[in-house]
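The structure file coords-v1.txt is reproduced below (compact mmCIF, C-alpha atoms).
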```txt
# COMPACT_ATOMS: atom_id res chain seq x y z
CA MET A 1 20.90 -10.54 -11.11
CA THR A 2 19.64 -13.29 -8.83
CA ASP A 3 20.56 -14.47 -5.35
CA SER A 4 18.80 -15.26 -2.09
CA SER A 5 17.72 -11.65 -1.59
CA PHE A 6 16.83 -10.97 -5.23
CA VAL A 7 14.51 -13.74 -6.46
CA VAL A 8 13.44 -13.44 -10.08
CA ASN A 9 9.68 -13.55 -10.75
CA ARG A 10 8.37 -12.93 -14.29
CA ARG A 11 4.92 -11.50 -13.73
CA ALA A 12 2.53 -8.78 -14.90
CA VAL A 13 1.68 -5.75 -12.75
CA VAL A 14 -1.45 -4.05 -11.48
CA ALA A 15 -2.25 -2.05 -8.29
CA GLY A 16 -3.90 -2.04 -4.90
CA LEU A 17 -7.01 -1.70 -2.73
CA GLY A 18 -7.96 -1.36 0.90
CA ALA A 19 -10.43 -1.19 3.90
CA LEU A 20 -13.91 -0.72 5.40
CA PRO A 21 -16.40 0.61 8.15
CA LEU A 22 -19.67 -0.25 9.99
CA SER A 23 -22.55 1.11 12.14
CA ALA A 24 -22.92 0.82 15.91
CA ALA A 25 -24.73 3.93 17.07
CA LEU A 26 -26.70 2.02 19.70
CA GLY A 27 -23.59 0.95 21.60
CA ARG A 28 -24.79 -2.67 21.88
CA PRO A 29 -23.33 -5.90 20.52
CA ALA A 30 -23.94 -6.37 16.81
CA LEU A 31 -25.95 -9.54 17.32
CA ALA A 32 -28.56 -7.43 19.11
CA GLN A 33 -28.79 -5.16 16.07
CA SER A 34 -30.34 -5.61 12.67
CA GLY A 35 -29.81 -4.25 9.19
CA ASP A 36 -26.74 -3.96 7.03
CA VAL A 37 -23.21 -3.70 8.39
CA PRO A 38 -21.73 -0.65 6.63
CA LEU A 39 -18.04 -0.59 5.69
CA GLY A 40 -16.29 2.54 4.43
CA MET A 41 -13.23 3.23 2.28
CA VAL A 42 -11.43 6.34 1.06
CA LEU A 43 -9.74 5.47 -2.25
CA PRO A 44 -8.04 7.52 -5.00
CA PHE A 45 -9.92 7.83 -8.28
CA SER A 46 -8.55 11.22 -9.33
CA GLY A 47 -5.41 13.29 -8.83
CA ALA A 48 -1.81 12.05 -8.87
CA THR A 49 -2.65 8.60 -7.46
CA GLY A 50 -5.96 8.07 -9.24
CA ALA A 51 -4.62 5.08 -11.18
CA TYR A 52 -4.74 2.90 -8.07
CA GLY A 53 -8.37 3.33 -7.02
CA PRO A 54 -10.21 1.12 -9.53
CA ALA A 55 -8.38 -2.13 -8.73
CA MET A 56 -8.65 -1.43 -4.99
CA LYS A 57 -12.39 -0.87 -5.38
CA GLN A 58 -12.78 -4.10 -7.36
CA ALA A 59 -11.02 -6.12 -4.68
CA ALA A 60 -13.01 -4.61 -1.82
CA GLU A 61 -16.31 -5.21 -3.59
CA LEU A 62 -15.28 -8.79 -4.36
CA ALA A 63 -14.61 -9.57 -0.68
CA VAL A 64 -17.96 -8.11 0.36
CA SER A 65 -19.89 -9.92 -2.39
CA LYS A 66 -18.33 -13.28 -1.45
CA VAL A 67 -19.35 -12.92 2.19
CA ASN A 68 -22.86 -11.68 1.39
CA ALA A 69 -23.39 -14.58 -1.02
CA ALA A 70 -22.33 -16.96 1.76
CA GLY A 71 -24.84 -15.53 4.25
CA GLY A 72 -23.16 -12.43 5.63
CA ILE A 73 -21.71 -11.94 9.11
CA LEU A 74 -22.94 -11.52 12.68
CA GLY A 75 -25.90 -13.83 12.45
CA GLY A 76 -26.75 -13.38 8.79
CA ARG A 77 -26.44 -9.61 8.35
CA GLN A 78 -25.39 -8.32 4.93
CA VAL A 79 -22.32 -6.10 4.52
CA LYS A 80 -22.74 -2.78 2.68
CA LEU A 81 -19.70 -1.01 1.22
CA PHE A 82 -19.44 2.80 0.96
CA ILE A 83 -16.55 4.24 -1.07
CA GLU A 84 -15.44 7.87 -1.29
CA ASP A 85 -12.86 9.48 -3.60
CA SER A 86 -9.77 10.82 -1.80
CA GLU A 87 -8.96 12.91 -4.90
CA THR A 88 -5.32 12.47 -3.81
CA SER A 89 -6.08 15.34 -1.45
CA ALA A 90 -5.80 15.61 2.33
CA THR A 91 -8.71 18.07 2.41
CA ALA A 92 -10.95 15.84 0.33
CA SER A 93 -10.00 12.80 2.44
CA VAL A 94 -11.03 14.58 5.64
CA ALA A 95 -14.40 15.46 4.12
CA ALA A 96 -14.82 11.89 2.87
CA SER A 97 -13.98 10.44 6.29
CA LYS A 98 -16.45 12.74 8.02
CA LYS A 99 -19.18 11.65 5.63
CA LEU A 100 -18.48 7.97 6.27
CA LEU A 101 -18.46 8.49 10.02
CA GLU A 102 -21.37 10.90 10.39
CA VAL A 103 -23.69 9.90 7.55
CA ASN A 104 -22.93 6.22 6.98
CA LYS A 105 -22.19 5.56 10.69
CA VAL A 106 -19.19 3.33 10.06
CA GLU A 107 -17.02 1.71 12.70
CA LEU A 108 -13.96 1.66 10.42
CA VAL A 109 -12.63 3.95 7.71
CA GLY A 110 -10.24 2.09 5.40
CA GLY A 111 -8.34 2.53 2.17
CA PHE A 112 -5.97 5.52 2.36
CA TRP A 113 -3.45 4.85 -0.39
CA GLY A 114 -1.69 8.17 0.30
CA SER A 115 0.07 9.23 3.49
CA PRO A 116 -1.00 12.92 3.51
CA GLU A 117 -4.62 11.80 3.22
CA ALA A 118 -4.27 9.22 6.00
CA LEU A 119 -2.48 11.63 8.35
CA ALA A 120 -5.10 14.32 7.84
CA ALA A 121 -7.97 11.93 8.54
CA LYS A 122 -6.28 10.14 11.46
CA PRO A 123 -7.25 12.55 14.30
CA ILE A 124 -10.88 12.67 13.16
CA ILE A 125 -11.19 8.89 13.10
CA LEU A 126 -9.43 8.43 16.43
CA ALA A 127 -11.54 11.15 18.06
CA ALA A 128 -14.59 9.16 17.02
CA ASN A 129 -12.99 6.02 18.52
CA LYS A 130 -13.26 4.18 15.21
CA VAL A 131 -10.73 1.98 13.41
CA GLN A 132 -8.52 3.25 10.58
CA MET A 133 -6.91 0.80 8.15
CA LEU A 134 -4.27 1.97 5.70
CA SER A 135 -2.45 1.17 2.50
CA CYS A 136 -0.04 4.08 2.95
CA ALA A 137 3.58 4.09 4.13
CA ALA A 138 4.44 7.21 6.20
CA ASN A 139 5.89 6.13 9.55
CA ALA A 140 3.99 8.86 11.38
CA VAL A 141 0.59 7.23 10.78
CA THR A 142 1.21 4.54 13.41
CA GLU A 143 3.34 6.70 15.73
CA GLY A 144 2.09 8.36 18.90
CA GLU A 145 -1.16 7.41 20.62
CA THR A 146 -3.29 5.28 18.32
CA LYS A 147 -5.59 3.72 20.93
CA GLY A 148 -4.93 0.38 19.23
CA LEU A 149 -7.25 1.47 16.42
CA ILE A 150 -4.84 1.75 13.47
CA TYR A 151 -3.57 -1.05 11.22
CA ARG A 152 -1.23 -0.61 8.27
CA LEU A 153 -1.32 -3.16 5.42
CA GLN A 154 1.71 -1.73 3.67
CA ALA A 155 5.45 -1.44 4.22
CA LYS A 156 6.51 1.56 6.31
CA SER A 157 8.39 4.36 4.54
CA SER A 158 11.52 3.60 6.53
CA GLN A 159 11.52 0.09 5.01
CA TRP A 160 11.51 1.46 1.44
CA GLY A 161 14.87 3.21 1.89
CA PRO A 162 16.95 0.09 2.65
CA ALA A 163 15.20 -1.73 -0.20
CA GLY A 164 16.31 1.05 -2.57
CA ALA A 165 19.89 0.72 -1.33
CA LYS A 166 19.84 -3.01 -2.05
CA VAL A 167 18.78 -2.27 -5.62
CA MET A 168 21.72 0.17 -5.90
CA GLN A 169 24.02 -2.61 -4.72
CA LYS A 170 22.64 -5.02 -7.33
CA ILE A 171 23.17 -2.59 -10.21
CA GLY A 172 26.67 -1.63 -9.01
CA ALA A 173 25.92 1.98 -8.01
CA LYS A 174 28.29 3.10 -5.23
CA LYS A 175 28.09 6.91 -5.49
CA VAL A 176 24.48 8.05 -5.52
CA THR A 177 22.33 11.15 -5.09
CA VAL A 178 18.81 11.38 -3.71
CA LEU A 179 16.20 13.54 -5.45
CA ALA A 180 13.05 13.49 -3.31
CA GLN A 181 9.66 15.11 -3.06
CA GLN A 182 8.91 16.93 0.19
CA ASN A 183 6.23 14.54 1.42
CA PRO A 184 5.86 12.66 4.75
CA PHE A 185 5.67 9.33 2.90
CA ILE A 186 8.94 10.04 1.10
CA VAL A 187 10.95 12.00 3.65
CA ALA A 188 10.98 9.03 6.04
CA MET A 189 12.84 6.95 3.41
CA VAL A 190 15.91 9.17 3.13
CA GLU A 191 17.85 8.53 6.36
CA PRO A 192 17.29 4.71 6.29
CA PHE A 193 18.49 4.75 2.66
CA LYS A 194 21.64 6.63 3.63
CA ALA A 195 22.29 4.27 6.53
CA GLU A 196 21.89 1.17 4.35
CA MET A 197 24.13 2.64 1.63
CA ALA A 198 26.84 3.16 4.26
CA LYS A 199 26.47 -0.48 5.39
CA ILE A 200 27.04 -1.79 1.87
CA GLY A 201 30.02 0.50 1.24
CA GLY A 202 28.21 3.13 -0.83
CA GLN A 203 28.13 6.90 -0.56
CA VAL A 204 25.25 9.36 -0.75
CA MET A 205 26.74 12.44 -2.41
CA ASP A 206 23.77 14.77 -1.93
CA VAL A 207 20.10 14.89 -0.94
CA ILE A 208 17.99 17.31 -2.96
CA MET A 209 14.43 17.95 -1.83
CA TYR A 210 11.74 19.56 -3.98
CA ASN A 211 8.12 20.60 -3.51
CA PRO A 212 5.31 18.82 -5.36
CA ASP A 213 3.50 20.55 -8.23
CA GLN A 214 6.40 22.79 -9.20
CA ALA A 215 6.22 24.51 -12.59
CA SER A 216 9.68 23.13 -13.42
CA TYR A 217 12.17 20.66 -11.94
CA ARG A 218 15.08 21.59 -14.22
CA ALA A 219 17.24 23.16 -11.51
CA GLU A 220 16.84 20.17 -9.19
CA VAL A 221 17.55 17.67 -11.97
CA GLU A 222 20.69 19.51 -13.04
CA LYS A 223 21.92 19.65 -9.45
CA ALA A 224 21.29 15.93 -8.92
CA PHE A 225 22.64 14.60 -12.23
CA GLY A 226 25.27 17.21 -13.04
CA PRO A 227 28.03 15.70 -10.82
CA GLU A 228 27.49 12.39 -12.67
CA PRO A 229 26.77 10.00 -9.77
CA ASP A 230 26.53 6.30 -10.55
CA ALA A 231 22.79 6.54 -9.95
CA VAL A 232 20.09 8.87 -8.63
CA PHE A 233 17.41 7.60 -6.26
CA VAL A 234 14.37 9.56 -7.47
CA LEU A 235 11.53 9.55 -4.92
CA PRO A 236 8.39 10.99 -6.57
CA LEU A 237 4.72 10.52 -7.28
CA LEU A 238 3.44 10.13 -10.83
CA THR A 239 2.96 13.74 -11.93
CA ASP A 240 6.38 15.00 -10.83
CA MET A 241 8.14 11.86 -12.12
CA VAL A 242 6.73 12.58 -15.58
CA SER A 243 8.25 16.08 -15.54
CA ILE A 244 11.53 14.98 -13.93
CA SER A 245 12.11 12.12 -16.39
CA LYS A 246 11.59 14.49 -19.32
CA GLU A 247 14.20 16.85 -17.86
CA ILE A 248 16.63 13.94 -17.42
CA PHE A 249 16.12 12.95 -21.06
CA ARG A 250 16.49 16.50 -22.39
CA GLY A 251 19.67 16.99 -20.40
CA GLY A 252 21.25 13.85 -21.81
CA PHE A 253 22.24 12.64 -18.35
CA THR A 254 23.62 9.11 -18.15
CA SER A 255 23.44 8.25 -14.45
CA LYS A 256 21.18 5.28 -13.75
CA VAL A 257 17.76 6.05 -12.31
CA VAL A 258 16.18 4.05 -9.50
CA SER A 259 12.71 5.26 -8.58
CA LEU A 260 9.53 4.24 -6.79
CA GLY A 261 6.68 2.45 -8.49
CA THR A 262 4.42 5.23 -7.21
CA GLY A 263 6.11 7.49 -9.77
CA ALA A 264 7.70 5.32 -12.46
CA ASP A 265 4.89 2.79 -12.75
CA ALA A 266 1.45 3.85 -11.44
CA GLU A 267 -0.11 0.84 -13.18
CA GLY A 268 1.56 1.68 -16.47
CA LYS A 269 0.46 5.33 -16.46
CA PHE A 270 4.06 6.59 -16.34
CA ILE A 271 5.12 4.84 -19.56
CA GLN A 272 1.92 6.00 -21.22
CA ALA A 273 2.69 9.60 -20.24
CA VAL A 274 6.35 9.82 -21.32
CA GLY A 275 6.73 7.12 -23.96
CA PRO A 276 9.32 4.34 -24.35
CA GLU A 277 12.30 6.54 -25.20
CA VAL A 278 12.10 8.73 -22.10
CA SER A 279 11.28 5.85 -19.74
CA GLU A 280 13.93 3.43 -21.05
CA GLY A 281 16.29 2.03 -18.42
CA ILE A 282 14.50 3.28 -15.29
CA TYR A 283 14.38 0.85 -12.36
CA HIS A 284 11.49 1.09 -9.91
CA LEU A 285 10.38 -0.74 -6.78
CA GLN A 286 7.36 -1.00 -4.54
CA PRO A 287 6.09 -3.37 -1.84
CA SER A 288 5.31 -6.81 -3.15
CA PRO A 289 2.45 -9.14 -2.27
CA PRO A 290 3.41 -12.71 -1.31
CA ILE A 291 3.39 -13.64 -5.00
CA ASP A 292 4.42 -17.28 -4.50
CA SER A 293 1.91 -18.00 -1.74
CA PRO A 294 -1.33 -20.01 -2.09
CA SER A 295 -3.27 -17.05 -0.65
CA TYR A 296 -2.06 -14.74 -3.39
CA ALA A 297 -2.75 -17.30 -6.13
CA ARG A 298 -6.30 -17.66 -4.80
CA PHE A 299 -6.77 -13.88 -4.86
CA VAL A 300 -5.59 -13.56 -8.47
CA GLU A 301 -8.00 -16.30 -9.52
CA GLU A 302 -10.91 -14.70 -7.68
CA MET A 303 -10.11 -11.32 -9.26
CA GLY A 304 -10.51 -13.01 -12.65
CA ALA A 305 -6.95 -12.10 -13.66
CA PRO A 306 -4.41 -14.23 -15.57
CA LYS A 307 -2.24 -16.52 -13.48
CA GLY A 308 0.92 -14.69 -12.38
CA THR A 309 -0.61 -11.19 -12.39
CA VAL A 310 0.99 -8.97 -9.74
CA PHE A 311 -1.55 -6.77 -7.95
CA LEU A 312 0.61 -4.39 -5.95
CA PHE A 313 -2.13 -2.59 -3.97
CA ALA A 314 -5.47 -4.30 -4.61
CA GLY A 315 -4.49 -7.06 -2.19
CA ASN A 316 -4.10 -4.51 0.60
CA ALA A 317 -7.72 -3.45 0.23
CA TRP A 318 -8.91 -7.05 0.03
CA ASP A 319 -7.03 -7.77 3.25
CA GLN A 320 -8.53 -4.76 5.04
CA VAL A 321 -12.08 -5.85 4.26
CA CYS A 322 -11.39 -9.50 5.10
CA ILE A 323 -9.66 -8.72 8.40
CA THR A 324 -12.48 -6.44 9.52
CA MET A 325 -15.21 -8.99 8.83
CA LEU A 326 -13.23 -11.79 10.45
CA ALA A 327 -12.46 -9.70 13.55
CA MET A 328 -16.12 -8.70 13.89
CA GLU A 329 -17.19 -12.32 13.65
CA HIS A 330 -14.60 -13.30 16.25
CA ALA A 331 -15.71 -10.50 18.61
CA LYS A 332 -19.40 -11.07 17.83
CA THR A 333 -19.91 -7.34 17.41
CA GLN A 334 -19.34 -4.48 14.98
CA GLU A 335 -18.30 -2.10 17.76
CA ALA A 336 -14.82 -0.78 16.91
CA ALA A 337 -13.54 -0.67 20.47
CA VAL A 338 -14.31 -4.37 20.81
CA TRP A 339 -13.50 -5.98 17.46
CA THR A 340 -10.19 -4.14 17.11
CA LYS A 341 -8.93 -6.41 19.89
CA SER A 342 -9.70 -9.44 17.73
CA VAL A 343 -7.56 -8.41 14.76
CA ARG A 344 -4.39 -10.15 15.96
CA GLU A 345 -6.50 -13.06 17.23
CA VAL A 346 -7.54 -13.89 13.67
CA CYS A 347 -4.37 -12.78 11.87
CA ASN A 348 -1.24 -13.53 13.89
CA PRO A 349 0.08 -17.01 14.70
CA PRO A 350 -0.43 -19.38 16.32
CA GLY A 351 -3.51 -20.75 14.62
CA GLU A 352 -4.65 -22.87 11.72
CA ASN A 353 -3.53 -21.32 8.42
CA VAL A 354 -6.40 -20.29 6.15
CA ASP A 355 -6.65 -18.01 3.12
CA ASP A 356 -10.25 -18.72 2.05
CA LEU A 357 -12.42 -15.91 3.48
CA VAL A 358 -15.66 -17.86 3.70
CA GLU A 359 -13.91 -20.89 5.21
CA ALA A 360 -12.17 -18.61 7.74
CA LEU A 361 -15.53 -17.25 8.90
CA LYS A 362 -16.86 -20.78 9.32
CA MET A 363 -13.80 -21.80 11.35
CA ILE A 364 -14.25 -18.82 13.66
CA ARG A 365 -17.90 -19.75 14.21
CA ASP A 366 -16.76 -23.29 15.04
CA GLY A 367 -14.48 -21.90 17.73
CA LYS A 368 -11.20 -22.62 15.95
CA LYS A 369 -8.10 -20.42 16.32
CA ILE A 370 -7.11 -19.20 12.85
CA ASN A 371 -4.05 -17.54 11.28
CA PHE A 372 -5.49 -15.69 8.26
CA ASN A 373 -3.10 -15.19 5.34
CA GLY A 374 -3.92 -12.27 3.08
CA ALA A 375 -3.42 -11.40 -0.57
CA GLY A 376 -1.38 -8.22 -0.07
CA CYS A 377 0.67 -9.46 2.89
CA THR A 378 0.73 -12.16 5.56
CA CYS A 379 -1.54 -9.95 7.72
CA ASP A 380 0.74 -10.28 10.75
CA PHE A 381 0.91 -7.12 12.86
CA ASP A 382 3.28 -5.78 15.51
CA ASP A 383 2.11 -3.97 18.65
CA LYS A 384 1.76 -0.65 16.78
CA GLY A 385 -0.42 -2.14 14.06
CA ASP A 386 2.32 -2.22 11.41
CA SER A 387 2.61 -5.11 8.96
CA ILE A 388 5.72 -7.25 9.31
CA ASN A 389 7.60 -9.53 6.89
CA ARG A 390 7.31 -7.29 3.80
CA SER A 391 9.32 -7.53 0.56
CA PHE A 392 9.71 -5.30 -2.53
CA TYR A 393 9.11 -6.01 -6.21
CA VAL A 394 11.70 -4.52 -8.61
CA GLN A 395 11.16 -3.82 -12.31
CA LEU A 396 13.14 -2.29 -15.18
CA ILE A 397 11.51 -0.35 -18.00
CA LYS A 398 12.79 -1.86 -21.24
CA ASP A 399 11.44 -1.30 -24.76
CA GLY A 400 8.40 0.49 -23.40
CA LYS A 401 7.45 -2.28 -20.95
CA ASN A 402 7.88 -3.05 -17.28
CA THR A 403 10.25 -6.01 -17.10
CA PRO A 404 10.40 -7.96 -13.81
CA VAL A 405 13.86 -8.00 -12.22
CA GLY A 406 13.27 -9.62 -8.87
CA VAL A 407 12.19 -9.30 -5.26
CA VAL A 408 14.29 -7.58 -2.59
CA ALA A 409 13.80 -9.29 0.76
```

In structure tokens, how does this file's structure come out?
Amino acid sequence: MTDSSFVVNRRAVVAGLGALPLSAALGRPALAQSGDVPLGMVLPFSGATGAYGPAMKQAAELAVSKVNAAGGILGGRQVKLFIEDSETSATASVAASKKLLEVNKVELVGGFWGSPEALAAKPIILAANKVQMLSCAANAVTEGETKGLIYRLQAKSSQWGPAGAKVMQKIGAKKVTVLAQQNPFIVAMVEPFKAEMAKIGGQVMDVIMYNPDQASYRAEVEKAFGPEPDAVFVLPLLTDMVSISKEIFRGGFTSKVVSLGTGADAEGKFIQAVGPEVSEGIYHLQPSPPIDSPSYARFVEEMGAPKGTVFLFAGNAWDQVCITMLAMEHAKTQEAAVWTKSVREVCNPPGENVDDLVEALKMIRDGKKINFNGAGCTCDFDDKGDSINRSFYVQLIKDGKNTPVGVVA
């Protein structure tokens, strides 16, 4: 199952991280200030997406510790990291963001693995004229007026749909059904998936939406699998995927299952929850870091992980922290309204390629134009703050293990 758009990579899997904030209550350039530069992140440590928070936290702390050990930023100031638990809850994420902004006086609130959490916090952060960095996918986060203060280090939801269709093409599924959670992150995938299936000569027989946290998903599963499509594109988060997969197994349905890593992986939590028999044969995909790049290899080494480990989300958090510190150094201030304009200056080409964070800071101080390459993505942004040039990592659950299949370009 290999060709130019489906490159095989045999690797292990982990999960992501993201972002930061800082203080500028005096409204003066950072070099005129003293004290720590506070960075803030809202990460999931509990709830349906709690499996992703620890690795994201580790990566963020690593970036900060490296810079502090090398002398800090903005004339020798140390960076201080504040992290709050999103609890996989929009309400909790709003409270966490307010605390970071009002108590810790940050200039950026980063992290945001989940779209509902990011969307809920967005108006509060923008009203404060601070920067928001994200590891979530819902298209709506970067739509509308963003004041140039939002940056997404993740593939947009609308990019996930076509990737799913390409997986269907590779496994020979022509007639498919969509079974999807009612969620802004997921809903935006459906129409692009249908459009891509039509391009490749496939047919979407039905789209069945369901609400999260239902007591049972039996009716929806029977409706999706009963007509015996070639495959069902199941778009869940972890908790509902556990229940749905058990219903599929009980019903004895034989249609292939293609899902999202947010549900059928969650850093191995899915297999742990349902066991090898129920999970056998499920394909899943999620955005991939640049796994063959020098920048990603450096990140894996610095995380202390075995060579070839695939961190699916931790690199996003690393990138958020790195970009913020580099942009501040370039702008010579921690003021959000100023350093946000330096993000593309340090990330997008042209410029001298660099993936070493400490070396990148030195180059900026020497007046060099840099093109920083991150661990989660290339860190190139379009005019709306969305990451470009993303790919997706595909795995198959076999014998109770996630088995790498390839990368969908």

- Item | Between atom CA of A:Gln203 and atom CA of A:Lys223, distance in Å (one decimal) | 16.7 Å

- Item | Ref. answer, residues at most 7 Å from (16.8, 0.6, -10.5) with all atoms listed in the file, as an NGL selection string | :A and (167-168 or 257-259 or 282-284 or 396)

Residues as selected, C-alpha atoms, written as a tab-separated table (two decimals), in the frame of the given file, can you do that?
```tsv
chain	number	residue	atom	x	y	z
A	167	VAL	CA	18.78	-2.27	-5.62
A	168	MET	CA	21.72	0.17	-5.90
A	257	VAL	CA	17.76	6.05	-12.31
A	258	VAL	CA	16.18	4.05	-9.50
A	259	SER	CA	12.71	5.26	-8.58
A	282	ILE	CA	14.50	3.28	-15.29
A	283	TYR	CA	14.38	0.85	-12.36
A	284	HIS	CA	11.49	1.09	-9.91
A	396	LEU	CA	13.14	-2.29	-15.18
```

- Task: Go through A:Asn183, A:Ser245, A:Asn373, A:Thr88 one by one, measure the shortest atom-to-atom distance of each to A:Gly50 using only C-alpha atoms, and give the residue with the smallest value.
- Result: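 Residue with the minimum atom-to-atom distance to A:Gly50: A:Thr88.
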
- Message: Neighbouring residues of stretch 104-107 of chain A were defined as those with any atom within 12 Å, considering all atoms listed in the file; residues of the same chain fewer than 2 positions away were excluded. Please report them as a VMD selection string.
- Response: chain A and resid 19 to 27 30 36 to 41 79 to 84 96 to 102 109 to 110 125 to 126 128 to 133 149 324 to 325 328 333 to 340

- Between A:Phe45, A:Phe270, A:Phe233, A:Tyr217, which is the closest to A:Ile397 once you count all atoms listed in the file?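 Under the stated criterion, the closest residue is A:Phe270.
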
- Message: Let me make sure I understand: among A:Met56, A:Leu357, A:Val176, A:Ala188, which one has the smallest atom-to-atom distance to A:Asn68 if we use all atoms listed in the file?
- Response: A:Leu357

- For atom CA of A:Lys401 and atom CA of A:Glu267, the interatomic separation in Å (one decimal): 11.3 Å

- Task: Select, from A:Gln320, A:Thr239, A:Ser89, A:Ser135, the residue with the minimum atom-to-atom distance to A:Cys379, counting only C-alpha atoms.
- Result: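 Ranking A:Gln320, A:Thr239, A:Ser89, A:Ser135 by distance to A:Cys379, first place goes to A:Gln320.
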
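The two atoms in question, atom CA of A:Phe392 and atom CA of A:Cys377, are spaced 11.3 Å apart.
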
- Task: Using all atoms listed in the file, determine which residues lie at most 8 Å from A:Lys156, disregarding the query and same-chain residues fewer than 4 positions distant; provide the list as a list in words.
- Result: Cys136, Ala137, Ala138, Asn139, Trp160 and Asp386 of chain A

- Message: Excluding A:Tyr393 and its own-chain neighbours fewer than 5 positions away, which residues fall within 6 Å of it when counting all atoms listed in the file? Please give them as a ChimeraX atom specification.
- Response: /A:285-288,407

- Task: May I have the residues within 6 Å of A:Glu280 as a PyMOL selection string, using all atoms listed in the file and disregarding those fewer than 3 positions away in the same chain?
- Result: chain A and resi 276-277+397-398

- Which residues come within 12 Å of A:Val67, counting all atoms listed in the file, excluding same-chain residues fewer than 6 positions away, as a VMD selection string? chain A and resid 37 60 to 61 73 to 74 76 to 81 321 to 322 324 to 326 329 356 to 362

- Item | Selected residue of minimal separation from A:Ser157 among A:Leu260, A:Ile291, A:Ala173, A:Ile244, counting only C-alpha atoms |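 Comparing A:Leu260, A:Ile291, A:Ala173, A:Ile244 against A:Ser157, the winner is A:Leu260.
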